[in-house]
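Raw contents of run_34.cif, mmCIF, C-alpha atoms:
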data_my_file
#
loop_
_atom_site.label_atom_id
_atom_site.label_comp_id
_atom_site.auth_asym_id
_atom_site.auth_seq_id
_atom_site.Cartn_x
_atom_site.Cartn_y
_atom_site.Cartn_z
CA MET A 1 0.00 0.00 0.00
CA PRO A 2 1.57 3.35 -1.02
CA MET A 3 2.44 5.86 1.69
CA VAL A 4 0.15 8.87 1.88
CA ASP A 5 1.74 12.30 2.04
CA ILE A 6 0.14 13.87 5.10
CA ALA A 7 1.70 17.30 4.56
CA PRO A 8 -1.45 18.60 2.80
CA TYR A 9 -3.56 17.31 5.71
CA CYS A 10 -1.35 19.08 8.24
CA HIS A 11 -1.44 22.26 6.15
CA ALA A 12 -5.24 22.11 6.04
CA VAL A 13 -5.27 22.12 9.84
CA THR A 14 -3.00 25.15 10.18
CA ALA A 15 -4.71 27.01 7.33
CA ALA A 16 -8.31 26.51 8.52
CA THR A 17 -10.15 29.79 8.99
CA THR A 18 -13.35 28.60 10.64
CA ALA A 19 -14.08 26.30 13.57
CA GLU A 20 -15.92 23.89 11.31
CA ALA A 21 -13.12 23.79 8.75
CA LEU A 22 -10.58 23.16 11.51
CA THR A 23 -12.57 20.27 12.93
CA ASP A 24 -13.01 18.72 9.49
CA ALA A 25 -9.28 19.08 8.79
CA VAL A 26 -8.33 17.45 12.10
CA VAL A 27 -10.74 14.57 11.50
CA ALA A 28 -9.18 14.02 8.06
CA LEU A 29 -5.65 14.19 9.47
CA ALA A 30 -6.43 11.78 12.30
CA ALA A 31 -7.98 9.34 9.84
CA GLN A 32 -4.59 8.88 8.18
CA GLN A 33 -3.30 7.17 11.36
CA ASP A 34 0.21 8.31 10.55
CA VAL A 35 2.75 8.98 13.31
CA ALA A 36 3.94 12.01 11.34
CA ALA A 37 0.63 13.65 12.28
CA ILE A 38 1.38 13.51 16.01
CA PRO A 39 2.96 17.00 16.43
CA THR A 40 0.08 18.68 14.61
CA LEU A 41 -2.53 16.72 16.56
CA ILE A 42 -0.85 17.72 19.82
CA ASP A 43 -0.85 21.38 18.74
CA VAL A 44 -4.60 21.18 18.13
CA LEU A 45 -5.17 20.28 21.78
CA GLY A 46 -4.25 23.85 22.64
CA TYR A 47 -6.67 25.46 20.20
CA ASN A 48 -9.87 27.00 21.50
CA ASN A 49 -12.01 24.48 19.64
CA PRO A 50 -13.40 21.58 21.71
CA ALA A 51 -14.66 19.63 18.70
CA ALA A 52 -11.28 19.79 16.97
CA ALA A 53 -9.50 18.96 20.21
CA GLN A 54 -11.68 15.89 20.70
CA ALA A 55 -10.91 14.75 17.16
CA ALA A 56 -7.21 15.18 17.93
CA VAL A 57 -7.60 13.22 21.17
CA ASN A 58 -9.22 10.36 19.25
CA GLY A 59 -6.47 10.43 16.63
CA LEU A 60 -3.68 10.35 19.21
CA ILE A 61 -5.30 7.50 21.10
CA GLN A 62 -5.54 5.50 17.88
CA LEU A 63 -1.81 6.00 17.34
CA GLY A 64 -1.18 4.43 20.74
CA ASP A 65 2.27 4.11 22.27
CA ALA A 66 3.91 6.10 19.47
CA ALA A 67 2.18 9.21 20.81
CA VAL A 68 3.39 8.86 24.41
CA GLU A 69 6.91 10.29 24.23
CA PRO A 70 5.89 13.25 22.01
CA LEU A 71 3.07 14.04 24.44
CA LEU A 72 5.39 13.88 27.44
CA GLY A 73 7.88 16.09 25.61
CA GLN A 74 5.31 18.71 24.67
CA LEU A 75 3.14 18.78 27.79
CA ASP A 76 1.62 22.26 27.95
CA ASP A 77 2.64 24.03 31.15
CA TYR A 78 0.55 27.13 30.46
CA ASN A 79 -2.72 26.01 28.86
CA TYR A 80 -4.55 23.85 31.38
CA GLY A 81 -7.22 22.95 28.84
CA ALA A 82 -4.60 21.47 26.53
CA ARG A 83 -2.96 19.77 29.51
CA ALA A 84 -6.24 18.10 30.47
CA TYR A 85 -6.63 16.73 26.95
CA GLU A 86 -3.03 15.51 26.95
CA VAL A 87 -3.50 13.72 30.26
CA ARG A 88 -6.70 12.11 28.98
CA VAL A 89 -4.79 10.75 25.98
CA LEU A 90 -2.00 9.41 28.20
CA GLY A 91 -4.57 7.71 30.40
CA ALA A 92 -6.37 6.14 27.47
CA ILE A 93 -3.11 4.79 26.03
CA GLY A 94 -1.99 3.62 29.46
CA HIS A 95 1.76 3.36 28.91
CA PRO A 96 3.60 3.41 32.27
CA ALA A 97 6.17 5.85 30.87
CA ALA A 98 3.58 8.49 31.79
CA LEU A 99 3.53 7.51 35.47
CA ARG A 100 5.70 10.34 36.80
CA VAL A 101 3.77 13.00 34.91
CA LEU A 102 0.41 11.58 35.96
CA LEU A 103 1.44 11.34 39.62
CA GLY A 104 2.51 14.97 39.59
CA ALA A 105 -0.63 16.18 37.84
CA ALA A 106 -2.95 14.19 40.09
CA GLN A 107 -1.31 15.61 43.20
CA SER A 108 -0.60 19.21 42.47
CA ASP A 109 -2.01 20.55 39.21
CA PHE A 110 -3.96 23.73 39.98
CA ALA A 111 -6.63 22.91 37.37
CA PRO A 112 -9.39 20.57 38.63
CA SER A 113 -9.94 19.19 35.13
CA VAL A 114 -6.30 18.10 34.94
CA ARG A 115 -6.32 16.60 38.43
CA ARG A 116 -9.47 14.63 37.62
CA ALA A 117 -8.07 13.32 34.35
CA ALA A 118 -4.73 12.40 35.92
CA THR A 119 -6.34 10.70 38.91
CA LYS A 120 -8.48 8.54 36.67
CA ALA A 121 -5.50 7.80 34.40
CA LEU A 122 -3.53 6.35 37.32
CA GLY A 123 -5.86 3.37 37.22
CA THR A 124 -5.50 2.63 33.51
CA LEU A 125 -1.73 2.25 33.23
CA ARG A 126 -0.70 -1.11 31.78
CA TRP A 127 1.36 -2.42 34.67
CA HIS A 128 2.26 -5.65 32.89
CA LEU A 129 4.60 -3.59 30.70
CA ILE A 130 6.85 -3.09 33.73
CA GLU A 131 8.84 -6.31 33.92
CA GLY A 132 10.65 -5.76 37.21
CA GLU A 133 8.49 -6.76 40.17
CA GLN A 134 10.20 -4.32 42.54
CA GLU A 135 9.79 -1.42 40.12
CA ARG A 136 6.14 -2.35 39.54
CA ARG A 137 5.47 -2.56 43.27
CA LEU A 138 7.06 0.83 43.87
CA GLY A 139 4.98 2.42 41.13
CA LEU A 140 1.77 0.87 42.41
CA GLU A 141 2.50 2.01 45.95
CA GLN A 142 3.06 5.56 44.69
CA VAL A 143 -0.26 5.41 42.87
CA LEU A 144 -2.04 4.19 45.99
CA GLN A 145 -0.55 7.02 48.05
CA VAL A 146 -1.81 9.63 45.59
CA LEU A 147 -5.25 8.04 45.33
CA GLN A 148 -5.43 7.90 49.13
CA ARG A 149 -4.53 11.58 49.33
CA ASN A 150 -7.13 12.49 46.71
CA THR A 151 -9.93 10.85 48.68
CA ASP A 152 -9.82 14.10 50.69
CA ALA A 153 -9.94 16.39 47.64
CA ALA A 154 -12.38 19.28 47.89
CA ASP A 155 -13.64 18.59 44.36
CA TRP A 156 -16.09 15.68 44.46
CA ALA A 157 -15.23 14.83 40.85
CA VAL A 158 -11.61 14.17 41.85
CA ARG A 159 -12.84 11.76 44.52
CA TYR A 160 -15.11 10.14 41.94
CA ALA A 161 -12.06 9.72 39.71
CA VAL A 162 -10.34 7.95 42.61
CA ALA A 163 -13.16 5.38 42.66
CA VAL A 164 -12.90 4.85 38.91
CA ALA A 165 -9.12 4.44 39.11
CA LEU A 166 -9.39 1.93 41.93
CA GLU A 167 -11.87 -0.16 39.98
CA HIS A 168 -9.54 -0.20 36.98
CA LEU A 169 -6.71 -1.34 39.25
CA ARG A 170 -8.92 -4.16 40.55
CA GLN A 171 -9.25 -5.44 36.99
CA GLN A 172 -5.51 -5.70 36.36
CA PRO A 173 -3.80 -9.00 37.24
CA ALA A 174 -0.45 -7.18 37.18
CA ALA A 175 -1.67 -5.05 40.11
CA ALA A 176 -2.54 -8.08 42.26
CA ILE A 177 0.06 -7.19 44.89
CA ILE A 178 -1.97 -4.16 46.03
CA GLN A 179 -5.48 -5.63 45.80
CA PRO A 180 -6.17 -5.72 49.56
CA SER A 181 -5.27 -2.04 49.82
CA VAL A 182 -7.39 -1.20 46.77
CA VAL A 183 -10.44 -2.93 48.27
CA ALA A 184 -9.87 -1.28 51.65
CA LEU A 185 -9.64 2.17 50.06
CA LEU A 186 -12.74 1.61 47.93
CA THR A 187 -14.65 0.42 50.99
CA ALA A 188 -13.57 3.36 53.13
CA LEU A 189 -14.40 5.91 50.43
CA GLY A 190 -17.74 4.23 49.80
CA ASP A 191 -18.58 4.41 53.50
CA ARG A 192 -17.50 7.93 54.40
CA ASP A 193 -17.54 10.18 51.33
CA PRO A 194 -19.98 13.08 51.83
CA ASP A 195 -21.28 12.85 48.26
CA ILE A 196 -23.76 10.10 47.45
CA VAL A 197 -22.55 9.94 43.84
CA VAL A 198 -19.03 9.07 44.97
CA ARG A 199 -20.28 6.56 47.55
CA SER A 200 -22.51 4.89 44.97
CA ARG A 201 -19.63 4.64 42.48
CA CYS A 202 -17.45 2.92 45.07
CA GLN A 203 -20.21 0.52 46.04
CA LEU A 204 -20.86 -0.29 42.39
CA ALA A 205 -17.17 -1.08 41.89
CA LEU A 206 -17.20 -3.41 44.89
CA GLN A 207 -20.38 -5.14 43.69
CA ARG A 208 -18.89 -5.67 40.25
CA ASP A 209 -15.86 -7.21 41.91
CA ILE A 210 -18.06 -9.69 43.81
CA VAL A 211 -19.78 -10.69 40.57
CA HIS A 212 -16.42 -11.05 38.83
CA LEU A 213 -15.07 -13.31 41.59
CA SER A 214 -18.21 -15.48 41.66
CA MET A 215 -17.91 -16.08 37.93
CA HIS A 216 -14.33 -17.32 38.32
CA THR A 217 -14.78 -19.66 41.30
#
With the file now loaded, output its structure as structure tokens.
Amino acid sequence: MPMVDIAPYCHAVTAATTAEALTDAVVALAAQQDVAAIPTLIDVLGYNNPAAAQAAVNGLIQLGDAAVEPLLGQLDDYNYGARAYEVRVLGAIGHPAALRVLLGAAQSDFAPSVRRAATKALGTLRWHLIEGEQERRLGLEQVLQVLQRNTDAADWAVRYAVAVALEHLRQQPAAAIIQPSVVALLTALGDRDPDIVVRSRCQLALQRDIVHLSMHT
């Protein structure tokens, strides 16, 4: 199959003069599924166009691991909207190379949208990609510490993201070494969180776990 020259697609993105034209150009660029499109797709995350940004997010996720290092290298320190999109992509791809960035964002980013996205992303990392058991354990323990800390976040949506992350961790065999702590944290958050939505999400995660275990015994 002949290689497609994506330069015209990238040019269409930078030359777009309306929001609709920009979105259409990004959709067309993302559809090429070419790693050469990654820098342009990352740039779009900083544009003030949610539809185009979402198309770029989808395109970067489709490109998978190839997008991780460029994202980490171009993480936007000034535009928190772009940073939230970038963190969402890193979480969806789930490569553990993003662990340090996600830990930092989940703990201390001033933007609630970034903290929520990073907190949730801590549960979706593919821990089986870390071959060393000691390194994997250390990373998982760091994740648990941050999730524990974020159970006291003022923003209920951050606490909700903690519940989602914990459930994702429960589903990963490579995270088996921390399962008792995960269950304990889910149980505690489900019992004491002041928001019924967060409590319900924790309880749902625990119920799903019971069903999962009964199907495999």
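Reported to one decimal place, the separation of CA of Val182 (chain A) from CA of Gln145 (chain A) is 10.8 Å.
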Kindly provide the residues of region 136-194 of chain A that approach region 115-118 of chain A to within 7 Å, each paired with its closest atom pair and their distance in Å to one decimal, based on all atoms listed in the file, listed by chain and increasing number, as JSON lines.
{"residue": "A:Ala157", "atom": "CA", "partner": "A:Arg116", "partner_atom": "CA", "distance": 6.6}
{"residue": "A:Val158", "atom": "CA", "partner": "A:Arg116", "partner_atom": "CA", "distance": 4.8}
{"residue": "A:Ala161", "atom": "CA", "partner": "A:Arg116", "partner_atom": "CA", "distance": 5.9}
Just the number, please: distance in Å from CA of Ala30 (chain A) to CA of Ile6 (chain A), one decimal.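 Distance between the two atoms: 10.0 Å.
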With a distance cut-off of 10 Å and all atoms listed in the file, select the neighbouring residues of Asn79 (chain A), excluding the residue or stretch itself and same-chain residues fewer than 4 positions from it, and output the selection as JSON, numbers by chain. {"A": [45, 46, 47, 75, 83, 84, 111]}
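With distances restricted to only C-alpha atoms, A:Leu185 is the closest residue to Ala163 (chain A) from A:Leu71, A:Leu185, A:Leu41, A:Val101.
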Write out as an MDAnalysis selection string each polymer residue whose atoms come within 12 Å of region 60-64 of chain A, counting only C-alpha atoms; drop sequence neighbours fewer than 3 positions from it. chainID A and resid 26:27 29:45 53:57 67:71 85:95
Just-selected residues, C-alpha atoms written as a compact mmCIF listing (two decimals), in the coordinates of the input:
# COMPACT_ATOMS: atom_id res chain seq x y z
CA VAL A 26 -8.33 17.45 12.10
CA VAL A 27 -10.74 14.57 11.50
CA LEU A 29 -5.65 14.19 9.47
CA ALA A 30 -6.43 11.78 12.30
CA ALA A 31 -7.98 9.34 9.84
CA GLN A 32 -4.59 8.88 8.18
CA GLN A 33 -3.30 7.17 11.36
CA ASP A 34 0.21 8.31 10.55
CA VAL A 35 2.75 8.98 13.31
CA ALA A 36 3.94 12.01 11.34
CA ALA A 37 0.63 13.65 12.28
CA ILE A 38 1.38 13.51 16.01
CA PRO A 39 2.96 17.00 16.43
CA THR A 40 0.08 18.68 14.61
CA LEU A 41 -2.53 16.72 16.56
CA ILE A 42 -0.85 17.72 19.82
CA ASP A 43 -0.85 21.38 18.74
CA VAL A 44 -4.60 21.18 18.13
CA LEU A 45 -5.17 20.28 21.78
CA ALA A 53 -9.50 18.96 20.21
CA GLN A 54 -11.68 15.89 20.70
CA ALA A 55 -10.91 14.75 17.16
CA ALA A 56 -7.21 15.18 17.93
CA VAL A 57 -7.60 13.22 21.17
CA ALA A 67 2.18 9.21 20.81
CA VAL A 68 3.39 8.86 24.41
CA GLU A 69 6.91 10.29 24.23
CA PRO A 70 5.89 13.25 22.01
CA LEU A 71 3.07 14.04 24.44
CA TYR A 85 -6.63 16.73 26.95
CA GLU A 86 -3.03 15.51 26.95
CA VAL A 87 -3.50 13.72 30.26
CA ARG A 88 -6.70 12.11 28.98
CA VAL A 89 -4.79 10.75 25.98
CA LEU A 90 -2.00 9.41 28.20
CA GLY A 91 -4.57 7.71 30.40
CA ALA A 92 -6.37 6.14 27.47
CA ILE A 93 -3.11 4.79 26.03
CA GLY A 94 -1.99 3.62 29.46
CA HIS A 95 1.76 3.36 28.91
Using only C-alpha atoms, determine which residues lie at most 12 Å from region 192-199 of chain A, disregarding the query and same-chain residues fewer than 3 positions distant; provide the list as a PyMOL selection string. chain A and resi 150-164+185-189+202-206
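The space between CA of Trp127 (chain A) and CA of Ala174 (chain A) spans 5.7 Å.
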Nearest candidate to Arg201 (chain A) (options A:Gly139, A:Glu133, A:Glu167, A:Thr17; using only C-alpha atoms):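 Closest to Arg201 (chain A), using only C-alpha atoms: A:Glu167.
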Contacts of His168 (chain A) at 10 Å (all atoms listed in the file; same-chain gap of 6+ positions) as a list in words: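 Result of the neighbour search: Lys120, Ala121, Leu122, Gly123, Thr124, Leu125, Val162, Ala175 and Ala205 of chain A.
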Excluding same-chain residues fewer than 4 positions from Arg136 (chain A), what lies within 12 Å of it counting all atoms listed in the file, as a PyMOL selection string? chain A and resi 96-97+99+125-132+140-143+174-178
Pick out the closest residue to Ser108 (chain A) from this set: A:Ala7, A:Val146, A:Ala165, A:Ala12. Count all atoms listed in the file. A:Val146
Could you write out as JSON the box around region 137-152 of chain A (axis-aligned, all atoms listed in the file, 8 Å on each side), with centre and edge lengths in Å to one decimal?
{"center_x": -1.4, "center_y": 5.8, "center_z": 45.9, "size_x": 33.0, "size_y": 32.7, "size_z": 25.6}
